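**Q** For reference, the file my_file_16.cif (mmCIF, C-alpha atoms (C1' of nucleotides)) is included below:
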```cif
data_protein
loop_
_atom_site.group_PDB
_atom_site.id
_atom_site.type_symbol
_atom_site.label_atom_id
_atom_site.label_comp_id
_atom_site.auth_asym_id
_atom_site.auth_seq_id
_atom_site.Cartn_x
_atom_site.Cartn_y
_atom_site.Cartn_z
ATOM 1 C CA MET A 1 93.528 -37.001 43.134
ATOM 2 C CA PRO A 2 90.732 -36.706 40.616
ATOM 3 C CA ASN A 3 87.688 -38.153 42.272
ATOM 4 C CA GLN A 4 86.446 -40.814 44.715
ATOM 5 C CA ALA A 5 87.160 -38.379 47.525
ATOM 6 C CA ALA A 6 85.904 -38.897 51.056
ATOM 7 C CA GLY A 7 82.458 -37.695 52.021
ATOM 8 C CA GLY A 8 80.891 -39.644 49.177
ATOM 9 C CA GLY A 9 80.069 -38.656 45.638
ATOM 10 C CA HIS A 10 77.655 -35.859 45.047
ATOM 11 C CA ARG A 11 75.821 -36.968 41.966
ATOM 12 C CA ALA A 12 72.379 -38.505 42.425
ATOM 13 C CA ALA A 13 72.869 -42.243 42.207
ATOM 14 C CA PRO A 14 70.759 -43.886 39.498
ATOM 15 C CA VAL A 15 67.885 -45.985 40.834
ATOM 16 C CA HIS A 16 68.103 -49.638 39.878
ATOM 17 C CA THR A 17 65.595 -52.456 40.081
ATOM 18 C CA ASP A 18 66.555 -56.081 40.512
ATOM 19 C CA PRO A 19 65.227 -58.242 37.661
ATOM 20 C CA ASP A 20 63.725 -60.565 40.268
ATOM 21 C CA ASP A 21 61.395 -57.768 41.321
ATOM 22 C CA VAL A 22 60.184 -57.111 37.784
ATOM 23 C CA SER A 23 56.827 -58.358 36.532
ATOM 24 C CA VAL A 24 56.378 -59.854 33.081
ATOM 25 C CA LEU A 25 54.159 -56.972 32.112
ATOM 26 C CA THR A 26 56.806 -54.438 33.094
ATOM 27 C CA ALA A 27 59.505 -56.327 31.222
ATOM 28 C CA LEU A 28 57.447 -56.642 28.061
ATOM 29 C CA SER A 29 56.358 -53.010 28.207
ATOM 30 C CA ALA A 30 59.964 -51.910 28.517
ATOM 31 C CA LEU A 31 60.945 -53.974 25.499
ATOM 32 C CA ALA A 32 57.980 -52.963 23.366
ATOM 33 C CA ASP A 33 59.566 -49.775 22.085
ATOM 34 C CA PRO A 34 61.702 -49.220 18.971
ATOM 35 C CA VAL A 35 64.171 -46.857 20.592
ATOM 36 C CA ARG A 36 64.733 -49.058 23.624
ATOM 37 C CA ILE A 37 65.138 -52.126 21.452
ATOM 38 C CA GLN A 38 67.880 -50.387 19.545
ATOM 39 C CA LEU A 39 69.559 -49.260 22.746
ATOM 40 C CA ILE A 40 69.620 -52.826 24.022
ATOM 41 C CA ARG A 41 70.932 -54.187 20.745
ATOM 42 C CA GLU A 42 73.739 -51.667 20.562
ATOM 43 C CA LEU A 43 74.503 -52.256 24.183
ATOM 44 C CA ALA A 44 74.650 -56.004 23.666
ATOM 45 C CA GLY A 45 77.259 -55.483 20.961
ATOM 46 C CA SER A 46 79.570 -53.534 23.218
ATOM 47 C CA ALA A 47 81.697 -54.451 26.197
ATOM 48 C CA ASP A 48 80.390 -53.618 29.664
ATOM 49 C CA TRP A 49 80.889 -50.073 30.936
ATOM 50 C CA THR A 50 82.178 -48.844 27.598
ATOM 51 C CA ARG A 51 79.094 -47.009 26.331
ATOM 52 C CA SER A 52 77.991 -43.682 27.718
ATOM 53 C CA CYS A 53 74.350 -42.657 27.346
ATOM 54 C CA GLY A 54 75.066 -40.126 24.654
ATOM 55 C CA SER A 55 77.014 -42.583 22.499
ATOM 56 C CA PHE A 56 73.947 -44.290 21.058
ATOM 57 C CA ASP A 57 72.641 -43.680 17.603
ATOM 58 C CA VAL A 58 68.970 -43.032 18.314
ATOM 59 C CA PRO A 59 66.713 -40.377 16.778
ATOM 60 C CA VAL A 60 65.667 -38.662 20.007
ATOM 61 C CA GLY A 61 66.902 -35.783 22.114
ATOM 62 C CA LYS A 62 68.760 -36.030 25.409
ATOM 63 C CA ALA A 63 65.650 -35.696 27.524
ATOM 64 C CA ALA A 64 63.839 -38.572 25.883
ATOM 65 C CA LEU A 65 67.002 -40.627 25.934
ATOM 66 C CA SER A 66 67.388 -40.134 29.653
ATOM 67 C CA HIS A 67 63.785 -41.231 30.084
ATOM 68 C CA HIS A 68 64.345 -44.414 28.101
ATOM 69 C CA PHE A 69 67.312 -45.359 30.234
ATOM 70 C CA SER A 70 65.199 -44.779 33.297
ATOM 71 C CA VAL A 71 62.640 -47.246 31.949
ATOM 72 C CA LEU A 72 65.345 -49.780 31.180
ATOM 73 C CA ARG A 73 66.733 -49.483 34.707
ATOM 74 C CA SER A 74 63.262 -49.932 36.204
ATOM 75 C CA ALA A 75 62.833 -53.099 34.195
ATOM 76 C CA GLY A 76 66.111 -54.538 35.442
ATOM 77 C CA LEU A 77 67.611 -54.480 31.979
ATOM 78 C CA VAL A 78 70.416 -51.987 32.344
ATOM 79 C CA GLU A 79 72.864 -51.018 35.051
ATOM 80 C CA GLN A 80 74.523 -47.625 35.163
ATOM 81 C CA ARG A 81 77.615 -46.282 36.822
ATOM 82 C CA ASP A 82 79.164 -42.839 36.920
ATOM 83 C CA LYS A 83 82.543 -42.518 35.295
ATOM 84 C CA GLY A 84 83.758 -38.985 35.407
ATOM 85 C CA PRO A 85 81.225 -36.729 33.739
ATOM 86 C CA LYS A 86 79.700 -39.626 31.838
ATOM 87 C CA ARG A 87 77.277 -42.332 32.847
ATOM 88 C CA VAL A 88 78.336 -45.670 31.465
ATOM 89 C CA ASN A 89 76.055 -48.645 30.920
ATOM 90 C CA ARG A 90 75.972 -52.382 31.206
ATOM 91 C CA LEU A 91 73.360 -54.823 29.935
ATOM 92 C CA ARG A 92 72.281 -57.081 32.817
ATOM 93 C CA ARG A 93 72.272 -60.070 30.552
ATOM 94 C CA GLY A 94 72.814 -62.904 32.991
ATOM 95 C CA GLU A 95 70.550 -61.629 35.731
ATOM 96 C CA PHE A 96 67.753 -60.709 33.372
ATOM 97 C CA ASP A 97 68.035 -63.999 31.546
ATOM 98 C CA THR A 98 67.697 -65.859 34.818
ATOM 99 C CA ARG A 99 64.457 -64.054 35.535
ATOM 100 C CA PHE A 100 63.117 -64.221 31.957
ATOM 101 C CA PRO A 101 64.916 -67.054 30.175
ATOM 102 C CA GLY A 102 65.298 -66.533 26.458
ATOM 103 C CA LEU A 103 63.654 -63.157 26.296
ATOM 104 C CA LEU A 104 66.808 -61.169 25.639
ATOM 105 C CA ASP A 105 68.085 -63.759 23.186
ATOM 106 C CA LEU A 106 64.872 -63.308 21.266
ATOM 107 C CA LEU A 107 65.535 -59.628 20.865
ATOM 108 C CA LEU A 108 69.143 -60.066 19.896
ATOM 109 C CA ARG A 109 68.633 -62.682 17.215
ATOM 110 C CA THR A 110 69.663 -61.165 13.927
ATOM 111 C CA ASP A 111 66.704 -62.692 12.071
ATOM 112 C CA ASN A 112 64.440 -60.613 14.230
ATOM 113 C CA ALA A 113 65.196 -57.464 12.334
ATOM 114 C CA ASP A 114 62.178 -55.242 11.851
ATOM 115 C CA MET B 1 21.121 -78.234 7.198
ATOM 116 C CA PRO B 2 22.134 -75.342 9.378
ATOM 117 C CA ASN B 3 25.196 -73.902 7.767
ATOM 118 C CA GLN B 4 28.278 -74.671 5.640
ATOM 119 C CA ALA B 5 26.096 -74.220 2.585
ATOM 120 C CA ALA B 6 27.581 -73.823 -0.856
ATOM 121 C CA GLY B 7 28.460 -70.401 -2.186
ATOM 122 C CA GLY B 8 30.615 -69.650 0.834
ATOM 123 C CA GLY B 9 29.823 -68.121 4.181
ATOM 124 C CA HIS B 10 28.663 -64.564 4.373
ATOM 125 C CA ARG B 11 30.336 -63.324 7.509
ATOM 126 C CA ALA B 12 33.445 -61.236 7.088
ATOM 127 C CA ALA B 13 36.308 -63.656 7.575
ATOM 128 C CA PRO B 14 38.706 -62.629 10.346
ATOM 129 C CA VAL B 15 42.068 -61.409 9.108
ATOM 130 C CA HIS B 16 44.972 -63.516 10.302
ATOM 131 C CA THR B 17 48.702 -62.956 10.231
ATOM 132 C CA ASP B 18 51.231 -65.726 10.063
ATOM 133 C CA PRO B 19 53.639 -65.627 13.026
ATOM 134 C CA ASP B 20 56.501 -65.753 10.537
ATOM 135 C CA ASP B 21 55.453 -62.347 9.248
ATOM 136 C CA VAL B 22 55.390 -60.779 12.696
ATOM 137 C CA SER B 23 58.174 -58.514 13.939
ATOM 138 C CA VAL B 24 59.518 -58.747 17.470
ATOM 139 C CA LEU B 25 58.237 -55.291 18.178
ATOM 140 C CA THR B 26 54.729 -56.233 17.125
ATOM 141 C CA ALA B 27 54.817 -59.415 19.175
ATOM 142 C CA LEU B 28 56.054 -57.665 22.296
ATOM 143 C CA SER B 29 53.581 -54.816 21.890
ATOM 144 C CA ALA B 30 50.736 -57.297 21.610
ATOM 145 C CA LEU B 31 51.834 -59.043 24.793
ATOM 146 C CA ALA B 32 52.471 -55.883 26.774
ATOM 147 C CA ASP B 33 48.888 -55.457 27.904
ATOM 148 C CA PRO B 34 47.158 -56.810 31.021
ATOM 149 C CA VAL B 35 43.894 -57.707 29.296
ATOM 150 C CA ARG B 36 45.579 -59.514 26.428
ATOM 151 C CA ILE B 37 47.853 -61.390 28.814
ATOM 152 C CA GLN B 38 44.822 -62.664 30.652
ATOM 153 C CA LEU B 39 43.116 -63.642 27.412
ATOM 154 C CA ILE B 40 46.137 -65.676 26.396
ATOM 155 C CA ARG B 41 46.430 -67.323 29.767
ATOM 156 C CA GLU B 42 42.786 -68.337 29.843
ATOM 157 C CA LEU B 43 43.036 -69.484 26.276
ATOM 158 C CA ALA B 44 46.085 -71.584 27.056
ATOM 159 C CA GLY B 45 44.125 -73.351 29.766
ATOM 160 C CA SER B 46 41.318 -74.366 27.425
ATOM 161 C CA ALA B 47 41.062 -76.817 24.565
ATOM 162 C CA ASP B 48 41.238 -75.452 21.014
ATOM 163 C CA TRP B 49 38.038 -74.049 19.522
ATOM 164 C CA THR B 50 36.135 -74.273 22.783
ATOM 165 C CA ARG B 51 36.209 -70.627 23.847
ATOM 166 C CA SER B 52 34.073 -67.975 22.227
ATOM 167 C CA CYS B 53 35.183 -64.347 22.465
ATOM 168 C CA GLY B 54 32.534 -63.463 24.993
ATOM 169 C CA SER B 55 33.452 -66.312 27.330
ATOM 170 C CA PHE B 56 36.474 -64.588 28.820
ATOM 171 C CA ASP B 57 36.515 -62.989 32.223
ATOM 172 C CA VAL B 58 37.964 -59.601 31.403
ATOM 173 C CA PRO B 59 36.858 -56.209 32.702
ATOM 174 C CA VAL B 60 36.130 -54.580 29.349
ATOM 175 C CA GLY B 61 33.146 -54.174 27.034
ATOM 176 C CA LYS B 62 32.518 -56.034 23.799
ATOM 177 C CA ALA B 63 34.033 -53.346 21.614
ATOM 178 C CA ALA B 64 37.337 -53.287 23.435
ATOM 179 C CA LEU B 65 37.355 -57.066 23.578
ATOM 180 C CA SER B 66 36.924 -57.277 19.837
ATOM 181 C CA HIS B 67 39.813 -54.863 19.430
ATOM 182 C CA HIS B 68 42.085 -56.954 21.645
ATOM 183 C CA PHE B 69 41.366 -60.065 19.631
ATOM 184 C CA SER B 70 42.165 -58.124 16.500
ATOM 185 C CA VAL B 71 45.557 -57.229 17.952
ATOM 186 C CA LEU B 72 46.196 -60.837 18.942
ATOM 187 C CA ARG B 73 45.345 -62.010 15.440
ATOM 188 C CA SER B 74 47.652 -59.424 13.896
ATOM 189 C CA ALA B 75 50.458 -60.662 16.099
ATOM 190 C CA GLY B 76 49.947 -64.264 15.018
ATOM 191 C CA LEU B 77 48.959 -65.304 18.504
ATOM 192 C CA VAL B 78 45.348 -66.329 18.034
ATOM 193 C CA GLU B 79 43.350 -68.012 15.317
ATOM 194 C CA GLN B 80 39.609 -67.578 15.004
ATOM 195 C CA ARG B 81 36.885 -69.543 13.313
ATOM 196 C CA ASP B 82 33.168 -68.976 13.002
ATOM 197 C CA LYS B 83 30.980 -71.550 14.669
ATOM 198 C CA GLY B 84 27.346 -70.641 14.336
ATOM 199 C CA PRO B 85 26.772 -67.186 15.752
ATOM 200 C CA LYS B 86 29.931 -67.407 17.850
ATOM 201 C CA ARG B 87 33.567 -66.921 16.983
ATOM 202 C CA VAL B 88 35.738 -69.516 18.635
ATOM 203 C CA ASN B 89 39.441 -69.195 19.331
ATOM 204 C CA ARG B 90 42.638 -71.144 19.325
ATOM 205 C CA LEU B 91 46.046 -70.205 20.688
ATOM 206 C CA ARG B 92 48.642 -70.667 17.961
ATOM 207 C CA ARG B 93 51.069 -72.133 20.411
ATOM 208 C CA GLY B 94 53.266 -74.249 18.191
ATOM 209 C CA GLU B 95 53.526 -71.808 15.321
ATOM 210 C CA PHE B 96 54.167 -68.834 17.533
ATOM 211 C CA ASP B 97 56.707 -70.716 19.580
ATOM 212 C CA THR B 98 58.590 -71.624 16.429
ATOM 213 C CA ARG B 99 58.829 -67.953 15.503
ATOM 214 C CA PHE B 100 59.547 -66.716 19.053
ATOM 215 C CA PRO B 101 60.888 -69.643 21.066
ATOM 216 C CA GLY B 102 60.123 -69.476 24.758
ATOM 217 C CA LEU B 103 58.138 -66.275 24.649
ATOM 218 C CA LEU B 104 54.756 -67.832 25.265
ATOM 219 C CA ASP B 105 56.155 -70.126 27.912
ATOM 220 C CA LEU B 106 57.426 -67.076 29.722
ATOM 221 C CA LEU B 107 53.944 -65.654 29.891
ATOM 222 C CA LEU B 108 52.335 -68.879 30.988
ATOM 223 C CA ARG B 109 54.717 -69.709 33.806
ATOM 224 C CA THR B 110 52.759 -69.540 37.037
ATOM 225 C CA ASP B 111 55.588 -67.793 38.895
ATOM 226 C CA ASN B 112 55.151 -64.878 36.565
ATOM 227 C CA ALA B 113 51.974 -63.750 38.264
ATOM 228 C CA ASP B 114 51.707 -60.009 38.533
ATOM 229 C "C1'" DC C 1 9.461 -63.056 9.972
ATOM 230 C "C1'" DA C 2 10.466 -61.280 14.474
ATOM 231 C "C1'" DA C 3 13.563 -61.529 18.517
ATOM 232 C "C1'" DG C 4 17.610 -62.487 21.219
ATOM 233 C "C1'" DG C 5 22.472 -63.352 21.195
ATOM 234 C "C1'" DT C 6 27.206 -62.605 19.351
ATOM 235 C "C1'" DG C 7 30.680 -59.908 17.462
ATOM 236 C "C1'" DT C 8 32.389 -55.922 14.432
ATOM 237 C "C1'" DT C 9 32.711 -51.093 13.134
ATOM 238 C "C1'" DC C 10 32.542 -46.257 13.878
ATOM 239 C "C1'" DA C 11 33.283 -41.718 16.002
ATOM 240 C "C1'" DA C 12 34.631 -39.788 20.126
ATOM 241 C "C1'" DC C 13 36.633 -39.407 24.544
ATOM 242 C "C1'" DG C 14 40.307 -39.827 28.071
ATOM 243 C "C1'" DG C 15 44.613 -40.942 29.857
ATOM 244 C "C1'" DA C 16 49.151 -42.629 29.570
ATOM 245 C "C1'" DA C 17 53.483 -42.382 27.266
ATOM 246 C "C1'" DA C 18 56.892 -40.287 24.171
ATOM 247 C "C1'" DT C 19 58.951 -36.120 22.865
ATOM 248 C "C1'" DC C 20 60.905 -31.543 23.110
ATOM 249 C "C1'" DG C 21 63.070 -27.147 24.857
ATOM 250 C "C1'" DA C 22 64.954 -24.931 28.551
ATOM 251 C "C1'" DA C 23 66.918 -24.741 32.983
ATOM 252 C "C1'" DC C 24 69.738 -26.960 36.213
ATOM 253 C "C1'" DA C 25 73.617 -29.966 38.420
ATOM 254 C "C1'" DC C 26 77.829 -32.211 38.100
ATOM 255 C "C1'" DT C 27 82.700 -33.297 36.301
ATOM 256 C "C1'" DC C 28 86.715 -32.233 34.222
ATOM 257 C "C1'" DG C 29 90.082 -29.455 31.524
ATOM 258 C "C1'" DG C 30 92.220 -25.036 30.674
ATOM 259 C "C1'" DC D 1 87.423 -20.029 38.377
ATOM 260 C "C1'" DC D 2 85.431 -20.270 34.045
ATOM 261 C "C1'" DG D 3 83.776 -22.994 30.130
ATOM 262 C "C1'" DA D 4 82.642 -27.158 27.569
ATOM 263 C "C1'" DG D 5 80.630 -31.598 27.865
ATOM 264 C "C1'" DT D 6 77.278 -34.824 29.933
ATOM 265 C "C1'" DG D 7 73.019 -36.112 31.828
ATOM 266 C "C1'" DT D 8 68.737 -35.166 34.713
ATOM 267 C "C1'" DT D 9 64.510 -32.679 35.782
ATOM 268 C "C1'" DC D 10 60.698 -29.800 34.807
ATOM 269 C "C1'" DG D 11 56.677 -28.192 32.210
ATOM 270 C "C1'" DA D 12 54.132 -28.399 28.122
ATOM 271 C "C1'" DT D 13 52.858 -30.416 23.890
ATOM 272 C "C1'" DT D 14 51.748 -34.138 20.947
ATOM 273 C "C1'" DT D 15 50.839 -38.668 19.760
ATOM 274 C "C1'" DC D 16 49.225 -43.085 20.532
ATOM 275 C "C1'" DC D 17 46.372 -46.666 22.648
ATOM 276 C "C1'" DG D 18 42.653 -48.437 25.281
ATOM 277 C "C1'" DT D 19 37.886 -47.704 26.226
ATOM 278 C "C1'" DT D 20 33.091 -46.653 25.552
ATOM 279 C "C1'" DG D 21 28.327 -46.327 23.528
ATOM 280 C "C1'" DA D 22 25.619 -46.786 19.656
ATOM 281 C "C1'" DA D 23 24.697 -48.564 15.234
ATOM 282 C "C1'" DC D 24 25.117 -52.355 12.293
ATOM 283 C "C1'" DA D 25 25.614 -57.311 10.494
ATOM 284 C "C1'" DC D 26 25.146 -62.075 11.093
ATOM 285 C "C1'" DC D 27 23.349 -66.502 13.011
ATOM 286 C "C1'" DT D 28 20.028 -69.078 15.379
ATOM 287 C "C1'" DT D 29 15.591 -70.167 17.775
ATOM 288 C "C1'" DG D 30 10.590 -69.484 18.421
#
```
Can the structure from this file be put into structure tokens for me?
**A**
Amino acid sequence: MPNQAAGGGHRAAPVHTDPDDVSVLTALSALADPVRIQLIRELAGSADWTRSCGSFDVPVGKAALSHHFSVLRSAGLVEQRDKGPKRVNRLRRGEFDTRFPGLLDLLLRTDNAD
Amino acid sequence: MPNQAAGGGHRAAPVHTDPDDVSVLTALSALADPVRIQLIRELAGSADWTRSCGSFDVPVGKAALSHHFSVLRSAGLVEQRDKGPKRVNRLRRGEFDTRFPGLLDLLLRTDNAD
DNA sequence: CAAGGTGTTCAACGGAAATCGAACACTCGG
DNA sequence: CCGAGTGTTCGATTTCCGTTGAACACCTTG
């Protein structure tokens, strides 16, 4: 029996924020970064829970990457779950779009390339 | 005859950027600031060309204010015109909304108070 | 022409955010 | 139980952005 044993998991659970509790300023600040934009775009092109944190093609080290995911969680943009040794991600598309209609679509439009 | 004389005005014309030439990153960065958000909100609640730069209720000095307007111009959000000694403003609502549909509306929704 | 009002520019400061390297914690496979 | 792989945390550095004060430029009114 690999995991999910009794007594609860040991790893520190990632802290999430509900999009409803996110201010516009926080949302915009989270999105106003090249690395995070790329993370979201790549994430949007993948199925839920299929991408681990290290699987993204961004020009930063692990530490900075971990920080960026923390920001994205705080802004209600990304949800994370532990899967074995990896931490897999999901873009909270529906929930975030309910809170900020059209904002994510704006970022994901192909004609919005930089 | 006060002004509008031949030979052209002398004041340095403000540099504007067409919303079509603005990247998403630039737009989001411009909007991800408390002072600029307030400027846009106040501007949205006023008729075009009725608000001079100094007429806004923001907690910063003239220098910083001038800088913020420069950022807003560069992001294609605000248009400025000289009117006597004052510089009056206009929110480029239609044009900006064509480039980034829904983005301005998001900021101006009352339930998005911080 | 002088004076007050408006806005820009400049150099400089300060603080927040991004980044890195190293150390640590956890999971899984030999 | 050890080792490789994954991600977080810590401390320190760097970079960027907002802010200021002072000097300057322009327009108008007296």
**Q** Please identify every residue of chain B that has at least one atom no farther than 10 Å from an atom of chain C, counting only C-alpha atoms (C1' of nucleotides), and for each give the shortest atom pair and the distance in Å to one decimal, arranged by chain then increasing number, as a Markdown table.
**A**
```
| residue | atom | partner | partner_atom | distance |
| --- | --- | --- | --- | --- |
| B:Ala12 | CA | C:DT8 | C1' | 9.1 |
| B:Ser52 | CA | C:DT6 | C1' | 9.2 |
| B:Cys53 | CA | C:DG7 | C1' | 8.1 |
| B:Gly54 | CA | C:DT6 | C1' | 7.8 |
| B:Lys62 | CA | C:DG7 | C1' | 7.7 |
| B:Ala63 | CA | C:DT8 | C1' | 7.8 |
| B:Leu65 | CA | C:DG7 | C1' | 9.5 |
| B:Ser66 | CA | C:DG7 | C1' | 7.2 |
| B:His67 | CA | C:DT8 | C1' | 9.0 |
| B:Gly84 | CA | C:DT6 | C1' | 9.5 |
| B:Pro85 | CA | C:DT6 | C1' | 5.8 |
| B:Lys86 | CA | C:DT6 | C1' | 5.7 |
| B:Arg87 | CA | C:DG7 | C1' | 7.6 |
```
**Q** Go ahead and write the selection's residues with C-alpha atoms as a PDB file, in the frame of the given file.
**A**
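Output below, filename part-v1.pdb:
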```pdb
ATOM      1  CA  ALA B  12      33.445 -61.236   7.088  1.00  0.00           C
ATOM      2  CA  SER B  52      34.073 -67.975  22.227  1.00  0.00           C
ATOM      3  CA  CYS B  53      35.183 -64.347  22.465  1.00  0.00           C
ATOM      4  CA  GLY B  54      32.534 -63.463  24.993  1.00  0.00           C
ATOM      5  CA  LYS B  62      32.518 -56.034  23.799  1.00  0.00           C
ATOM      6  CA  ALA B  63      34.033 -53.346  21.614  1.00  0.00           C
ATOM      7  CA  LEU B  65      37.355 -57.066  23.578  1.00  0.00           C
ATOM      8  CA  SER B  66      36.924 -57.277  19.837  1.00  0.00           C
ATOM      9  CA  HIS B  67      39.813 -54.863  19.430  1.00  0.00           C
ATOM     10  CA  GLY B  84      27.346 -70.641  14.336  1.00  0.00           C
ATOM     11  CA  PRO B  85      26.772 -67.186  15.752  1.00  0.00           C
ATOM     12  CA  LYS B  86      29.931 -67.407  17.850  1.00  0.00           C
ATOM     13  CA  ARG B  87      33.567 -66.921  16.983  1.00  0.00           C
TER      14      ARG B  87
END
```
**Q** Once 8 Å is added on each side, what are the centre and the three edge lengths, in Å to one decimal, of the axis-aligned box enclosing the listed atoms of stretch 26-45 of chain B? Present them as JSON.
**A**
```
{"center_x": 49.4, "center_y": -64.1, "center_z": 24.1, "size_x": 29.3, "size_y": 34.5, "size_z": 29.9}
```
**Q** Between chain B and chain A, at 7 Å or less, what are the per-residue closest atom pairs and their distances in Å? Count all atoms listed in the file, order by chain and rising residue number, and return it as JSON lines.
**A**
```
{"residue": "B:Ser23", "atom": "CA", "partner": "A:Asp114", "partner_atom": "CA", "distance": 5.6}
{"residue": "B:Val24", "atom": "CA", "partner": "A:Asn112", "partner_atom": "CA", "distance": 6.2}
{"residue": "B:Leu25", "atom": "CA", "partner": "A:Ala32", "partner_atom": "CA", "distance": 5.7}
{"residue": "B:Leu28", "atom": "CA", "partner": "A:Ala32", "partner_atom": "CA", "distance": 5.2}
{"residue": "B:Ser29", "atom": "CA", "partner": "A:Ala32", "partner_atom": "CA", "distance": 5.0}
{"residue": "B:Leu31", "atom": "CA", "partner": "A:Leu28", "partner_atom": "CA", "distance": 6.9}
{"residue": "B:Ala32", "atom": "CA", "partner": "A:Ser29", "partner_atom": "CA", "distance": 5.0}
{"residue": "B:Asp33", "atom": "CA", "partner": "A:Leu25", "partner_atom": "CA", "distance": 6.9}
{"residue": "B:Phe100", "atom": "CA", "partner": "A:Leu106", "partner_atom": "CA", "distance": 6.7}
{"residue": "B:Gly102", "atom": "CA", "partner": "A:Gly102", "partner_atom": "CA", "distance": 6.2}
{"residue": "B:Leu103", "atom": "CA", "partner": "A:Leu103", "partner_atom": "CA", "distance": 6.5}
{"residue": "B:Leu106", "atom": "CA", "partner": "A:Phe100", "partner_atom": "CA", "distance": 6.7}
{"residue": "B:Asn112", "atom": "CA", "partner": "A:Val24", "partner_atom": "CA", "distance": 6.2}
{"residue": "B:Asp114", "atom": "CA", "partner": "A:Ser23", "partner_atom": "CA", "distance": 5.7}
```
**Q** Give me the result of the PyMOL selection byres ((chain D) within 8 of (chain A)) on this file, residue by residue, as a list in words.
**A**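 On the file shown, the PyMOL selection byres ((chain D) within 8 of (chain A)) covers DG5, DT6, DG7 and DT8 of chain D.
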**Q** Could you tell me, as number ranges by chain, exactly which residues end up selected when the PyMOL selection byres ((chain D and resi 10-26) around 7) is applied to this structure?
**A** B: 11, 64; D: 9, 27
**Q** Report the distance between atom CA of B:Val78 and atom CA of B:Glu95 in Å, rounded to one decimal place.
**A**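 Interatomic distance, atom CA of B:Val78 to atom CA of B:Glu95: 10.2 Å.
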**Q** Would you pick out the contacts of A:Gln38 at 10 Å or less, using all atoms listed in the file, so that residues sharing its chain but fewer than 6 positions from it are not included, and give the list as a list in words?
**A**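 Everything that qualifies: Leu31, Ala44, Phe56, Asp57, Val58, Leu107 and Leu108 of chain A.
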**Q** What is the distance, in Å and to one decimal place, between atom CA of A:His16 and atom CA of A:Gly76?
**A** 6.9 Å
**Q** Would you work out the distance separating atom CA of B:Leu77 from atom CA of B:Thr50, expressed in Å to one decimal?
**A** 16.2 Å
